[in-house]
file start.cif (mmCIF, C-alpha atoms and all ligand atoms)
data_final
#
loop_
_atom_site.label_atom_id
_atom_site.label_comp_id
_atom_site.auth_asym_id
_atom_site.auth_seq_id
_atom_site.Cartn_x
_atom_site.Cartn_y
_atom_site.Cartn_z
CA MET A 1 -84.75 18.53 84.94
CA LYS A 2 -83.10 21.55 86.56
CA LYS A 3 -80.31 20.55 88.95
CA GLN A 4 -80.88 21.51 92.55
CA HIS A 5 -78.56 21.67 95.54
CA ASP A 6 -80.13 21.49 98.98
CA PHE A 7 -78.50 24.30 100.96
CA ASP A 8 -80.78 23.66 103.94
CA GLU A 9 -79.20 20.25 104.44
CA PRO A 10 -76.79 20.44 107.41
CA ILE A 11 -73.40 18.77 107.05
CA VAL A 12 -71.32 17.53 109.96
CA ARG A 13 -68.00 19.33 110.06
CA ARG A 14 -67.28 19.13 113.76
CA GLY A 15 -64.97 16.19 114.37
CA THR A 16 -63.52 16.45 110.85
CA ASP A 17 -60.34 18.48 110.40
CA ALA A 18 -62.30 21.69 109.69
CA ARG A 19 -60.42 24.67 111.12
CA LYS A 20 -63.70 26.53 111.68
CA TYR A 21 -64.69 23.86 114.21
CA ALA A 22 -61.27 23.27 115.81
CA PRO A 23 -62.07 22.53 119.49
CA SER A 24 -59.25 24.82 120.62
CA GLU A 25 -60.87 27.76 118.85
CA CYS A 26 -64.55 26.92 118.75
CA PRO A 27 -65.87 24.77 121.62
CA ASN A 28 -68.78 22.38 121.04
CA ASP A 29 -71.45 24.72 122.36
CA VAL A 30 -70.42 27.66 120.18
CA VAL A 31 -71.84 28.42 116.71
CA PRO A 32 -68.90 29.16 114.38
CA MET A 33 -69.41 32.18 112.14
CA TRP A 34 -65.80 33.09 111.67
CA ILE A 35 -63.35 31.66 109.12
CA ALA A 36 -64.44 32.20 105.51
CA ASP A 37 -65.54 28.83 104.23
CA SER A 38 -69.09 27.60 103.89
CA ASP A 39 -71.02 24.96 105.80
CA PHE A 40 -72.52 23.55 102.61
CA ALA A 41 -71.66 20.29 100.88
CA SER A 42 -69.71 20.84 97.67
CA PRO A 43 -71.54 20.03 94.41
CA ARG A 44 -72.35 16.37 93.81
CA GLU A 45 -70.54 16.47 90.45
CA LEU A 46 -67.30 17.33 92.24
CA VAL A 47 -67.70 14.67 94.91
CA ASP A 48 -68.33 12.02 92.22
CA ALA A 49 -65.36 13.11 90.12
CA LEU A 50 -63.04 13.12 93.13
CA LEU A 51 -64.25 9.67 94.22
CA GLU A 52 -63.53 8.29 90.75
CA ARG A 53 -60.04 9.78 90.84
CA VAL A 54 -59.39 8.43 94.36
CA LYS A 55 -60.39 4.96 93.15
CA GLN A 56 -57.56 4.98 90.60
CA GLY A 57 -55.27 4.40 93.57
CA HIS A 58 -52.20 6.31 92.31
CA TYR A 59 -51.47 9.95 92.88
CA GLY A 60 -48.25 10.90 91.12
CA TYR A 61 -47.35 14.27 89.57
CA PRO A 62 -50.03 15.54 87.20
CA PHE A 63 -49.29 17.35 83.94
CA ASN A 64 -50.45 20.91 83.38
CA ASP A 65 -53.80 20.24 81.80
CA ILE A 66 -54.80 23.04 79.40
CA GLU A 67 -58.40 22.25 80.38
CA PHE A 68 -57.62 23.92 83.72
CA CYS A 69 -57.02 27.24 81.92
CA ASN A 70 -59.95 26.66 79.57
CA ALA A 71 -62.29 26.16 82.54
CA VAL A 72 -61.22 29.42 84.21
CA SER A 73 -61.48 31.26 80.91
CA LYS A 74 -64.97 29.87 80.27
CA TRP A 75 -66.21 30.87 83.76
CA GLN A 76 -64.83 34.38 83.47
CA THR A 77 -66.17 34.86 79.95
CA GLU A 78 -69.63 33.52 80.64
CA ARG A 79 -70.25 34.97 84.08
CA PHE A 80 -68.43 38.28 83.86
CA ASP A 81 -68.70 38.91 80.15
CA TRP A 82 -65.12 39.66 79.18
CA ASP A 83 -62.60 38.13 76.80
CA CYS A 84 -60.49 36.27 79.31
CA THR A 85 -58.47 33.82 77.20
CA PRO A 86 -56.84 30.60 78.45
CA GLU A 87 -53.41 32.12 77.70
CA MET A 88 -53.98 34.68 80.46
CA VAL A 89 -54.61 32.00 83.10
CA GLU A 90 -52.11 30.25 85.36
CA PHE A 91 -52.29 27.94 88.34
CA ALA A 92 -51.56 29.19 91.87
CA PRO A 93 -51.75 27.24 95.14
CA GLY A 94 -54.14 29.82 96.67
CA ALA A 95 -55.51 33.23 95.78
CA VAL A 96 -53.13 35.07 98.08
CA LEU A 97 -49.96 33.73 96.45
CA PRO A 98 -50.31 35.69 93.19
CA LEU A 99 -50.58 38.81 95.34
CA VAL A 100 -47.26 37.92 96.94
CA TYR A 101 -45.61 36.98 93.61
CA GLY A 102 -46.92 40.19 92.06
CA MET A 103 -45.75 42.31 94.97
CA ARG A 104 -42.28 40.76 94.73
CA ALA A 105 -42.21 41.06 90.94
CA PHE A 106 -43.30 44.70 90.68
CA SER A 107 -41.76 46.27 93.77
CA SER A 108 -38.51 46.12 95.73
CA PRO A 109 -37.87 45.98 99.46
CA GLY A 110 -38.58 49.38 100.99
CA ASP A 111 -41.24 50.22 98.38
CA LYS A 112 -44.84 50.85 99.33
CA VAL A 113 -47.91 48.74 98.71
CA VAL A 114 -51.20 50.65 98.71
CA LEU A 115 -53.94 48.82 100.57
CA GLN A 116 -57.53 49.80 101.23
CA THR A 117 -58.39 49.19 104.87
CA PRO A 118 -59.96 47.46 106.73
CA ALA A 119 -58.43 44.56 104.82
CA TYR A 120 -58.16 40.77 104.69
CA HIS A 121 -55.88 40.30 107.70
CA PRO A 122 -52.96 38.17 106.43
CA LEU A 123 -52.05 40.91 103.95
CA PHE A 124 -50.64 43.20 106.63
CA GLN A 125 -48.01 40.66 107.62
CA LEU A 126 -47.35 39.45 104.10
CA ILE A 127 -46.54 42.94 102.90
CA GLU A 128 -44.32 43.79 105.86
CA ASN A 129 -42.59 40.41 106.11
CA ASN A 130 -41.64 40.80 102.45
CA GLY A 131 -39.88 44.03 103.35
CA ARG A 132 -42.45 46.35 101.77
CA ARG A 133 -44.30 49.15 103.56
CA ILE A 134 -48.06 49.52 103.73
CA ALA A 135 -49.62 52.74 102.48
CA ARG A 136 -53.14 52.65 103.88
CA ASN A 137 -56.07 54.10 102.01
CA PRO A 138 -58.83 53.75 104.61
CA LEU A 139 -62.32 53.23 103.26
CA VAL A 140 -64.67 55.79 104.73
CA LEU A 141 -67.94 54.76 106.38
CA LYS A 142 -70.66 57.19 105.29
CA ASP A 143 -74.33 56.55 106.06
CA GLY A 144 -73.78 52.82 106.49
CA ARG A 145 -71.70 52.32 103.32
CA TYR A 146 -67.95 52.36 102.78
CA GLU A 147 -66.65 54.78 100.18
CA ILE A 148 -63.25 55.37 98.64
CA ASP A 149 -61.39 58.52 99.62
CA PHE A 150 -59.94 59.25 96.18
CA GLU A 151 -58.02 62.28 97.32
CA ASP A 152 -56.16 60.18 99.86
CA LEU A 153 -55.76 57.38 97.31
CA GLU A 154 -54.07 59.70 94.84
CA LYS A 155 -51.82 60.99 97.58
CA LYS A 156 -50.72 57.44 98.37
CA LEU A 157 -50.34 56.38 94.74
CA SER A 158 -48.35 59.45 93.76
CA ASP A 159 -45.60 58.63 96.26
CA PRO A 160 -42.68 57.53 94.04
CA ARG A 161 -42.11 54.56 96.39
CA ALA A 162 -45.66 53.26 95.78
CA LYS A 163 -45.26 50.52 93.18
CA VAL A 164 -48.17 48.17 93.80
CA MET A 165 -51.79 48.44 94.91
CA ILE A 166 -53.61 45.44 96.33
CA LEU A 167 -57.28 45.81 95.52
CA CYS A 168 -59.90 43.48 96.94
CA ASN A 169 -63.18 43.41 95.03
CA PRO A 170 -65.71 42.36 96.28
CA GLN A 171 -64.12 43.76 99.39
CA ASN A 172 -63.52 41.67 102.49
CA PRO A 173 -64.59 42.68 105.14
CA THR A 174 -66.77 45.66 104.17
CA GLY A 175 -68.86 43.79 101.58
CA ARG A 176 -68.47 46.55 98.99
CA VAL A 177 -68.69 45.63 95.30
CA PHE A 178 -66.96 48.47 93.54
CA THR A 179 -68.84 50.13 90.69
CA ARG A 180 -67.46 50.58 87.19
CA ASP A 181 -67.00 54.24 87.95
CA GLU A 182 -64.97 53.57 91.08
CA LEU A 183 -62.83 50.96 89.34
CA GLN A 184 -62.24 53.31 86.42
CA LYS A 185 -61.03 56.02 88.80
CA ILE A 186 -58.75 53.60 90.68
CA GLY A 187 -57.27 52.31 87.42
CA ASP A 188 -56.82 55.77 85.94
CA LEU A 189 -54.90 56.85 89.03
CA CYS A 190 -52.75 53.71 88.95
CA LEU A 191 -51.99 54.24 85.26
CA LYS A 192 -51.11 57.88 85.91
CA HIS A 193 -48.75 57.03 88.77
CA HIS A 194 -47.33 53.78 87.28
CA VAL A 195 -48.67 51.51 90.02
CA PHE A 196 -49.34 47.84 89.30
CA VAL A 197 -52.72 46.51 90.50
CA LEU A 198 -53.08 43.10 92.13
CA SER A 199 -56.81 42.52 92.17
CA ASP A 200 -58.05 39.91 94.61
CA GLU A 201 -61.39 38.80 93.19
CA ILE A 202 -61.86 35.63 95.22
CA HIS A 203 -65.38 36.70 96.25
CA SER A 204 -66.47 37.64 92.72
CA ASP A 205 -69.18 34.97 92.39
CA ILE A 206 -70.96 36.22 95.49
CA VAL A 207 -72.65 39.45 94.51
CA TYR A 208 -76.19 40.42 95.49
CA SER A 209 -79.19 41.86 93.65
CA GLY A 210 -78.61 45.27 92.15
CA HIS A 211 -74.82 44.89 92.06
CA LYS A 212 -72.42 43.54 89.47
CA HIS A 213 -68.88 42.25 89.62
CA ILE A 214 -66.62 43.75 86.97
CA PRO A 215 -63.17 42.13 86.70
CA PHE A 216 -60.53 44.86 86.95
CA ALA A 217 -59.02 43.97 83.59
CA ALA A 218 -62.42 44.30 81.93
CA VAL A 219 -63.01 47.90 83.03
CA ASP A 220 -60.73 49.57 80.49
CA PRO A 221 -58.40 48.18 77.80
CA GLY A 222 -55.58 50.25 79.32
CA PHE A 223 -55.86 48.37 82.63
CA ARG A 224 -54.91 45.05 81.05
CA ASP A 225 -51.26 45.98 81.08
CA ILE A 226 -51.14 46.98 84.72
CA CYS A 227 -52.99 44.20 86.50
CA CYS A 228 -53.14 40.63 87.65
CA ILE A 229 -56.35 39.10 89.04
CA SER A 230 -56.51 36.36 91.69
CA ILE A 231 -59.41 33.96 91.89
CA ASN A 232 -60.33 30.72 93.63
CA PRO A 233 -63.60 28.79 93.32
CA SER A 234 -63.23 27.91 97.00
CA LYS A 235 -65.53 30.53 98.50
CA THR A 236 -68.40 29.49 96.27
CA PHE A 237 -67.97 25.72 96.31
CA ASN A 238 -66.39 25.09 99.72
CA THR A 239 -63.13 23.75 98.33
CA ALA A 240 -60.53 25.87 100.16
CA GLY A 241 -58.79 22.72 101.43
CA LEU A 242 -57.93 21.69 97.87
CA ARG A 243 -55.43 24.57 97.77
CA THR A 244 -55.94 25.28 94.09
CA ALA A 245 -56.51 28.74 92.67
CA ALA A 246 -55.54 30.73 89.60
CA PHE A 247 -54.33 34.09 88.46
CA ILE A 248 -55.28 35.93 85.31
CA CYS A 249 -52.75 38.23 83.75
CA PRO A 250 -53.70 39.63 80.32
CA ASN A 251 -50.26 41.03 79.50
CA GLN A 252 -47.96 38.11 78.63
CA HIS A 253 -44.79 39.93 79.66
CA ASN A 254 -46.25 40.68 83.11
CA LYS A 255 -47.43 37.10 83.35
CA ALA A 256 -43.91 35.83 82.64
CA VAL A 257 -42.48 38.09 85.36
CA ILE A 258 -44.99 36.78 87.90
CA LEU A 259 -44.36 33.20 86.80
CA GLU A 260 -40.69 33.69 87.51
CA GLU A 261 -41.56 34.42 91.14
CA ARG A 262 -43.72 31.31 91.27
CA LEU A 263 -40.86 29.30 89.78
CA ASN A 264 -38.37 30.68 92.30
CA ASN A 265 -40.65 29.50 95.08
CA LYS A 266 -41.18 26.16 93.35
CA ALA A 267 -44.89 26.75 93.80
CA PHE A 268 -45.97 25.42 90.41
CA GLY A 269 -46.90 21.82 91.23
CA ARG A 270 -50.64 21.33 90.96
CA PRO A 271 -52.59 19.13 93.34
CA ILE A 272 -54.29 16.42 91.26
CA PHE A 273 -57.56 16.83 93.11
CA GLY A 274 -57.48 20.59 92.81
CA GLN A 275 -56.79 20.53 89.08
CA LEU A 276 -59.72 18.16 88.62
CA ALA A 277 -61.95 20.30 90.85
CA MET A 278 -61.28 23.46 88.88
CA LYS A 279 -62.45 21.74 85.68
CA VAL A 280 -65.55 20.15 87.18
CA LEU A 281 -66.68 23.22 89.12
CA TYR A 282 -66.24 25.75 86.36
CA ASN A 283 -67.54 23.48 83.60
CA GLU A 284 -70.47 21.79 85.32
CA CYS A 285 -71.53 23.64 88.45
CA ALA A 286 -72.79 27.09 87.45
CA TYR A 287 -76.23 26.01 88.72
CA TYR A 288 -74.75 25.54 92.21
CA ALA A 289 -73.15 29.00 92.21
CA ASP A 290 -76.46 30.61 91.18
CA GLN A 291 -78.43 28.82 93.89
CA PHE A 292 -75.70 29.46 96.45
CA VAL A 293 -75.88 33.23 95.94
CA GLU A 294 -79.68 33.24 96.08
CA TYR A 295 -79.64 31.23 99.31
CA VAL A 296 -76.95 33.27 101.02
CA GLU A 297 -78.68 36.53 100.05
CA GLU A 298 -81.72 35.28 101.99
CA ASN A 299 -79.42 34.50 104.92
CA VAL A 300 -78.18 38.07 104.84
CA LYS A 301 -81.78 39.30 105.03
CA THR A 302 -82.54 36.89 107.89
CA PHE A 303 -79.50 38.06 109.84
CA HIS A 304 -80.34 41.70 109.15
CA GLU A 305 -83.93 41.20 110.28
CA GLY A 306 -82.69 39.49 113.46
CA LEU A 307 -80.42 42.40 114.35
CA LYS A 308 -83.15 45.00 113.93
CA ASN A 309 -84.25 44.94 117.56
CA ILE A 310 -80.77 44.71 118.97
CA LYS A 311 -79.39 47.89 120.36
CA GLY A 312 -75.89 48.76 119.30
CA MET A 313 -75.30 46.19 116.52
CA HIS A 314 -75.38 47.74 113.07
CA LEU A 315 -74.95 45.60 110.00
CA ILE A 316 -73.06 47.24 107.15
CA TYR A 317 -75.40 45.86 104.52
CA PRO A 318 -73.25 43.90 102.05
CA GLU A 319 -73.29 44.24 98.28
CA GLY A 320 -71.34 41.00 97.99
CA THR A 321 -69.46 38.30 99.98
CA TYR A 322 -71.03 36.18 102.70
CA LEU A 323 -69.04 37.99 105.36
CA LEU A 324 -71.12 40.45 107.34
CA TRP A 325 -69.34 43.41 108.87
CA VAL A 326 -71.14 44.49 112.00
CA ASP A 327 -70.50 47.74 113.81
CA CYS A 328 -70.70 47.23 117.59
CA ARG A 329 -68.80 50.38 118.56
CA GLU A 330 -71.81 51.76 120.40
CA TRP A 331 -71.24 49.16 123.13
CA GLY A 332 -67.90 50.79 123.93
CA MET A 333 -66.07 47.49 124.47
CA THR A 334 -62.45 46.80 123.65
CA HIS A 335 -61.99 44.15 121.00
CA GLU A 336 -60.98 41.62 123.65
CA GLU A 337 -64.19 42.32 125.61
CA LEU A 338 -66.28 42.17 122.45
CA MET A 339 -64.86 38.82 121.38
CA ARG A 340 -65.18 37.39 124.89
CA PHE A 341 -68.80 38.51 124.98
CA PHE A 342 -69.63 36.80 121.67
CA LYS A 343 -67.71 33.61 122.37
CA GLU A 344 -68.42 33.10 126.05
CA THR A 345 -71.79 34.75 126.64
CA VAL A 346 -73.57 34.71 123.28
CA LYS A 347 -71.83 31.50 122.19
CA VAL A 348 -71.51 32.59 118.61
CA LEU A 349 -68.01 33.03 117.20
CA PRO A 350 -67.40 35.82 114.67
CA ASN A 351 -64.02 37.15 113.50
CA ASP A 352 -62.47 39.91 115.57
CA GLY A 353 -62.84 43.11 113.53
CA SER A 354 -59.60 44.57 114.83
CA THR A 355 -57.57 41.90 113.00
CA PHE A 356 -58.61 43.62 109.74
CA GLY A 357 -56.72 46.73 110.81
CA TYR A 358 -57.29 49.33 113.53
CA GLU A 359 -60.25 50.62 111.50
CA GLY A 360 -62.01 47.40 112.55
CA GLU A 361 -61.81 48.07 116.29
CA GLY A 362 -65.34 47.60 117.71
CA PHE A 363 -66.49 45.55 114.69
CA ALA A 364 -67.11 41.84 114.28
CA ARG A 365 -67.38 39.83 111.04
CA PHE A 366 -70.05 37.12 110.76
CA ASN A 367 -70.02 34.43 108.09
CA VAL A 368 -73.53 33.51 106.92
CA ALA A 369 -72.61 30.82 104.37
CA CYS A 370 -74.43 28.20 106.40
CA PRO A 371 -77.87 26.59 106.50
CA ARG A 372 -80.65 29.04 107.43
CA SER A 373 -81.23 27.10 110.65
CA THR A 374 -77.73 28.11 111.80
CA VAL A 375 -78.36 31.77 111.05
CA LEU A 376 -81.63 31.62 112.98
CA GLU A 377 -79.94 29.94 115.92
CA ALA A 378 -77.17 32.54 115.95
CA VAL A 379 -79.67 35.39 115.80
CA LYS A 380 -81.67 33.84 118.64
CA ARG A 381 -78.56 33.59 120.80
CA ILE A 382 -77.52 37.16 120.04
CA GLN A 383 -81.00 38.51 120.84
CA LYS A 384 -81.18 36.58 124.08
CA ALA A 385 -77.73 37.56 125.32
CA VAL A 386 -77.85 41.20 124.30
CA ASN A 387 -81.37 41.83 125.52
CA ALA A 388 -80.49 40.22 128.85
C1 LIG B 1 -60.11 38.51 100.20
C2 LIG B 1 -59.53 37.15 100.39
N1 LIG B 1 -58.44 36.79 99.69
C3 LIG B 1 -57.89 35.58 99.82
C4 LIG B 1 -58.41 34.64 100.70
C5 LIG B 1 -57.76 33.30 100.86
O1 LIG B 1 -57.53 32.71 99.65
P1 LIG B 1 -56.83 31.28 99.51
O2 LIG B 1 -57.47 30.36 100.48
O3 LIG B 1 -57.11 30.91 98.09
O4 LIG B 1 -55.40 31.51 99.76
C6 LIG B 1 -59.55 34.97 101.45
C7 LIG B 1 -60.11 34.02 102.40
O5 LIG B 1 -60.90 34.33 103.23
C8 LIG B 1 -60.13 36.25 101.28
O6 LIG B 1 -61.22 36.61 101.94
#
call {"tool": "encode", "arguments": {"input": "start.cif", "output": "structure tokens"}}
result
Amino acid sequence: MKKQHDFDEPIVRRGTDARKYAPSECPNDVVPMWIADSDFASPRELVDALLERVKQGHYGYPFNDIEFCNAVSKWQTERFDWDCTPEMVEFAPGAVLPLVYGMRAFSSPGDKVVLQTPAYHPLFQLIENNGRRIARNPLVLKDGRYEIDFEDLEKKLSDPRAKVMILCNPQNPTGRVFTRDELQKIGDLCLKHHVFVLSDEIHSDIVYSGHKHIPFAAVDPGFRDICCISINPSKTFNTAGLRTAAFICPNQHNKAVILEERLNNKAFGRPIFGQLAMKVLYNECAYYADQFVEYVEENVKTFHEGLKNIKGMHLIYPEGTYLLWVDCREWGMTHEELMRFFKETVKVLPNDGSTFGYEGEGFARFNVACPRSTVLEAVKRIQKAVNA
């Protein structure tokens, strides 16, 4: 019988230690649609495996199980159709850390890191606090879709101080899934100007009909030597709290250089539960990922439908990710006013768009990885408050 996960089933996260529901940030009467984890139970197979491991009653240092790398390699090969071998894979305690290790390994203080904006917010600080400078390549909103300004990108990459580009694909927060053509152009420019690409592909499982995720290293054989990919099953399977991710670096010399950074930060110890989760999720839970994407795609449609009669809220229709980037600039509010309106009047909490860079001023980001009933409730509240 085909395995089924019930994504309609609500789970109680309020009153647990879930950050999304922290009373200081999201009071009881507010629907949380901010931080990027899901409100779905993780797959049963994972819960069972973790319970078995907990029952052993001892939690000392684990060894580096090669099955961890095999599981990542299998997932990448089967779902994204490229020859990702276990030798390319390494543990990381989160998908952001390989970006930091890579930035430190392939650039020096004072160098520039090229970043497409708006961008996942912690990156701004991470780049600057590591003594590097940000070279912004703003994505351009044209007819409701963000496009890459390649002329500007080449300008930024050709600066001799530009050593690294942080790419995010699928892109948070714009929901773009870059096409083969776009990725080819980015990679060609990086090759030409000797810029190393750190490709954050944490949202790669969540891609909607008509779009396809192509791992950066799979676009062109030449790109294998200039990139490192970050992944984490957390967005798909709601396991961010396990703090276990991986990076994929096809060139063994580059991998060794990045590993040196990890070593220097003593960030190589694996959590026993995370190591186990990686194996169970990637080996046994493809069915969950498929159903998850189908379900969330319907949530996107529901949210979109709900916004249709609302003046001044324009959804940038996503190609991937469960994070919906909504343009509210027509209302003419400052970002403080906009956030106060959503939290205190609407009683739905999105992320403040301006934290993704000044390009996000007047935008809000809504997370729809939740049961449909939550999306419907949020839409109802938005309609009621805005139309009043
Ligand atoms: C693009 C992107 N990268 C990285 C992360 C965080 O990754 P991790 O929790 O593995 O550090 C997020 C979380 O929202 C994200 O959206």
call {"tool": "residues_near_ligand", "arguments": {"input": "start.cif", "ligand": "ligand LIG 1 (chain B)", "cutoff": "10 Å", "atoms": "all atoms listed in the file", "output": "PyMOL selection string"}}
result
chain A and resi 34-37+92-99+119-123+167-173+199-204+230-235+239-246+321-323
call {"tool": "atom_distance", "arguments": {"input": "start.cif", "atom1": "CA of Ile229 in chain A", "atom2": "CA of Glu298 in chain A"}}
result
28.7 Å
call {"tool": "residues_near_point", "arguments": {"input": "start.cif", "point": "(-50.6, 36.6, 88.4)", "cutoff": "10 Å", "atoms": "all atoms listed in the file", "output": "PDB file with C-alpha atoms, keeping the file's coordinate frame"}}
result
ATOM      1  CA  MET A  88     -53.980  34.680  80.460  1.00  0.00           C
ATOM      2  CA  VAL A  89     -54.610  32.000  83.100  1.00  0.00           C
ATOM      3  CA  GLU A  90     -52.110  30.250  85.360  1.00  0.00           C
ATOM      4  CA  PHE A  91     -52.290  27.940  88.340  1.00  0.00           C
ATOM      5  CA  ALA A  92     -51.560  29.190  91.870  1.00  0.00           C
ATOM      6  CA  ALA A  95     -55.510  33.230  95.780  1.00  0.00           C
ATOM      7  CA  LEU A  97     -49.960  33.730  96.450  1.00  0.00           C
ATOM      8  CA  PRO A  98     -50.310  35.690  93.190  1.00  0.00           C
ATOM      9  CA  LEU A  99     -50.580  38.810  95.340  1.00  0.00           C
ATOM     10  CA  VAL A 100     -47.260  37.920  96.940  1.00  0.00           C
ATOM     11  CA  TYR A 101     -45.610  36.980  93.610  1.00  0.00           C
ATOM     12  CA  GLY A 102     -46.920  40.190  92.060  1.00  0.00           C
ATOM     13  CA  MET A 103     -45.750  42.310  94.970  1.00  0.00           C
ATOM     14  CA  ALA A 105     -42.210  41.060  90.940  1.00  0.00           C
ATOM     15  CA  LEU A 198     -53.080  43.100  92.130  1.00  0.00           C
ATOM     16  CA  SER A 199     -56.810  42.520  92.170  1.00  0.00           C
ATOM     17  CA  CYS A 227     -52.990  44.200  86.500  1.00  0.00           C
ATOM     18  CA  CYS A 228     -53.140  40.630  87.650  1.00  0.00           C
ATOM     19  CA  ILE A 229     -56.350  39.100  89.040  1.00  0.00           C
ATOM     20  CA  SER A 230     -56.510  36.360  91.690  1.00  0.00           C
ATOM     21  CA  ILE A 231     -59.410  33.960  91.890  1.00  0.00           C
ATOM     22  CA  ALA A 246     -55.540  30.730  89.600  1.00  0.00           C
ATOM     23  CA  PHE A 247     -54.330  34.090  88.460  1.00  0.00           C
ATOM     24  CA  ILE A 248     -55.280  35.930  85.310  1.00  0.00           C
ATOM     25  CA  CYS A 249     -52.750  38.230  83.750  1.00  0.00           C
ATOM     26  CA  PRO A 250     -53.700  39.630  80.320  1.00  0.00           C
ATOM     27  CA  ASN A 251     -50.260  41.030  79.500  1.00  0.00           C
ATOM     28  CA  ASN A 254     -46.250  40.680  83.110  1.00  0.00           C
ATOM     29  CA  LYS A 255     -47.430  37.100  83.350  1.00  0.00           C
ATOM     30  CA  ALA A 256     -43.910  35.830  82.640  1.00  0.00           C
ATOM     31  CA  VAL A 257     -42.480  38.090  85.360  1.00  0.00           C
ATOM     32  CA  ILE A 258     -44.990  36.780  87.900  1.00  0.00           C
ATOM     33  CA  LEU A 259     -44.360  33.200  86.800  1.00  0.00           C
ATOM     34  CA  GLU A 261     -41.560  34.420  91.140  1.00  0.00           C
ATOM     35  CA  ARG A 262     -43.720  31.310  91.270  1.00  0.00           C
TER      36      ARG A 262
END
call {"tool": "residues_around", "arguments": {"input": "start.cif", "residues": "Pro138 in chain A", "least_positions_apart": "2", "cutoff": "12 Å", "atoms": "all atoms listed in the file", "output": "list of chain:residue names"}}
result
A:Val114, A:Leu115, A:Gln116, A:Thr117, A:Pro118, A:Ala119, A:Ile134, A:Ala135, A:Arg136, A:Val140, A:Leu141, A:Tyr146, A:Glu147, A:Ile148, A:Asp149, A:Phe150, A:Glu151, A:Asp152, A:Leu153, A:Lys156, A:Thr174, A:Phe356, A:Gly357, A:Tyr358, A:Glu359, A:Gly360
call {"tool": "closest_residue", "arguments": {"input": "start.cif", "among": "A:Val386, A:Arg104, A:Pro215, A:Glu330", "to": "Glu260 in chain A", "atoms": "only C-alpha atoms"}}
result
A:Arg104
call {"tool": "residues_near_point", "arguments": {"input": "start.cif", "point": "(-56.3, 54.7, 91.1)", "cutoff": "9 Å", "atoms": "only C-alpha atoms", "output": "NGL selection string"}}
result
:A and (150 or 153-154 or 157 or 165 or 182-193 or 195 or 197)
call {"tool": "write_last_selection", "arguments": {"input": "start.cif", "atoms": "C-alpha atoms", "output": "mmCIF file, in the frame of the given file"}}
result
data_model
loop_
_atom_site.group_PDB
_atom_site.id
_atom_site.type_symbol
_atom_site.label_atom_id
_atom_site.label_comp_id
_atom_site.auth_asym_id
_atom_site.auth_seq_id
_atom_site.Cartn_x
_atom_site.Cartn_y
_atom_site.Cartn_z
ATOM 1 C CA PHE A 150 -59.940 59.250 96.180
ATOM 2 C CA LEU A 153 -55.760 57.380 97.310
ATOM 3 C CA GLU A 154 -54.070 59.700 94.840
ATOM 4 C CA LEU A 157 -50.340 56.380 94.740
ATOM 5 C CA MET A 165 -51.790 48.440 94.910
ATOM 6 C CA GLU A 182 -64.970 53.570 91.080
ATOM 7 C CA LEU A 183 -62.830 50.960 89.340
ATOM 8 C CA GLN A 184 -62.240 53.310 86.420
ATOM 9 C CA LYS A 185 -61.030 56.020 88.800
ATOM 10 C CA ILE A 186 -58.750 53.600 90.680
ATOM 11 C CA GLY A 187 -57.270 52.310 87.420
ATOM 12 C CA ASP A 188 -56.820 55.770 85.940
ATOM 13 C CA LEU A 189 -54.900 56.850 89.030
ATOM 14 C CA CYS A 190 -52.750 53.710 88.950
ATOM 15 C CA LEU A 191 -51.990 54.240 85.260
ATOM 16 C CA LYS A 192 -51.110 57.880 85.910
ATOM 17 C CA HIS A 193 -48.750 57.030 88.770
ATOM 18 C CA VAL A 195 -48.670 51.510 90.020
ATOM 19 C CA VAL A 197 -52.720 46.510 90.500
#
call {"tool": "closest_residue", "arguments": {"input": "start.cif", "among": "A:Gln76, A:Asn238, A:Asn137, A:Asn64", "to": "Ala18 in chain A", "atoms": "all atoms listed in the file"}}
result
A:Asn238
call {"tool": "closest_residue", "arguments": {"input": "start.cif", "among": "A:Arg365, A:Lys279, A:Arg13, A:His211", "to": "Trp325 in chain A", "atoms": "only C-alpha atoms"}}
result
A:Arg365
call {"tool": "closest_residue", "arguments": {"input": "start.cif", "among": "A:Ala217, A:Thr345, A:Ile226, A:Gly353", "to": "Phe196 in chain A", "atoms": "all atoms listed in the file"}}
result
A:Ile226
call {"tool": "atom_distance", "arguments": {"input": "start.cif", "atom1": "CA of Ala22 in chain A", "atom2": "CA of Ala369 in chain A"}}
result
17.8 Å
call {"tool": "residues_around", "arguments": {"input": "start.cif", "residues": "Ala71 in chain A", "least_positions_apart": "6", "cutoff": "9 Å", "atoms": "only C-alpha atoms", "output": "number ranges by chain"}}
result
A: 86, 278-283
call {"tool": "residues_around", "arguments": {"input": "start.cif", "residues": "Val12 in chain A", "least_positions_apart": "6", "cutoff": "12 Å", "atoms": "all atoms listed in the file", "output": "PyMOL selection string"}}
result
chain A and resi 18+20-21+38-41+370-371
call {"tool": "residues_around", "arguments": {"input": "start.cif", "residues": "Val348 in chain A", "least_positions_apart": "3", "cutoff": "10 Å", "atoms": "only C-alpha atoms", "output": "ChimeraX atom specification"}}
result
/A:26,29-34,339,341-345,366,377-379,381-382
call {"tool": "closest_residue", "arguments": {"input": "start.cif", "among": "A:Gly362, A:Gly269, A:Gly222, A:Gly306", "to": "Arg329 in chain A", "atoms": "only C-alpha atoms"}}
result
A:Gly362
call {"tool": "axis_aligned_box", "arguments": {"input": "start.cif", "around": "range 238-252 of chain A", "padding_each_side": "3 Å", "output": "lines of an AutoDock Vina configuration file"}}
result
center_x = -57.2
center_y = 31.4
center_z = 90.0
size_x = 24.4
size_y = 25.3
size_z = 28.8
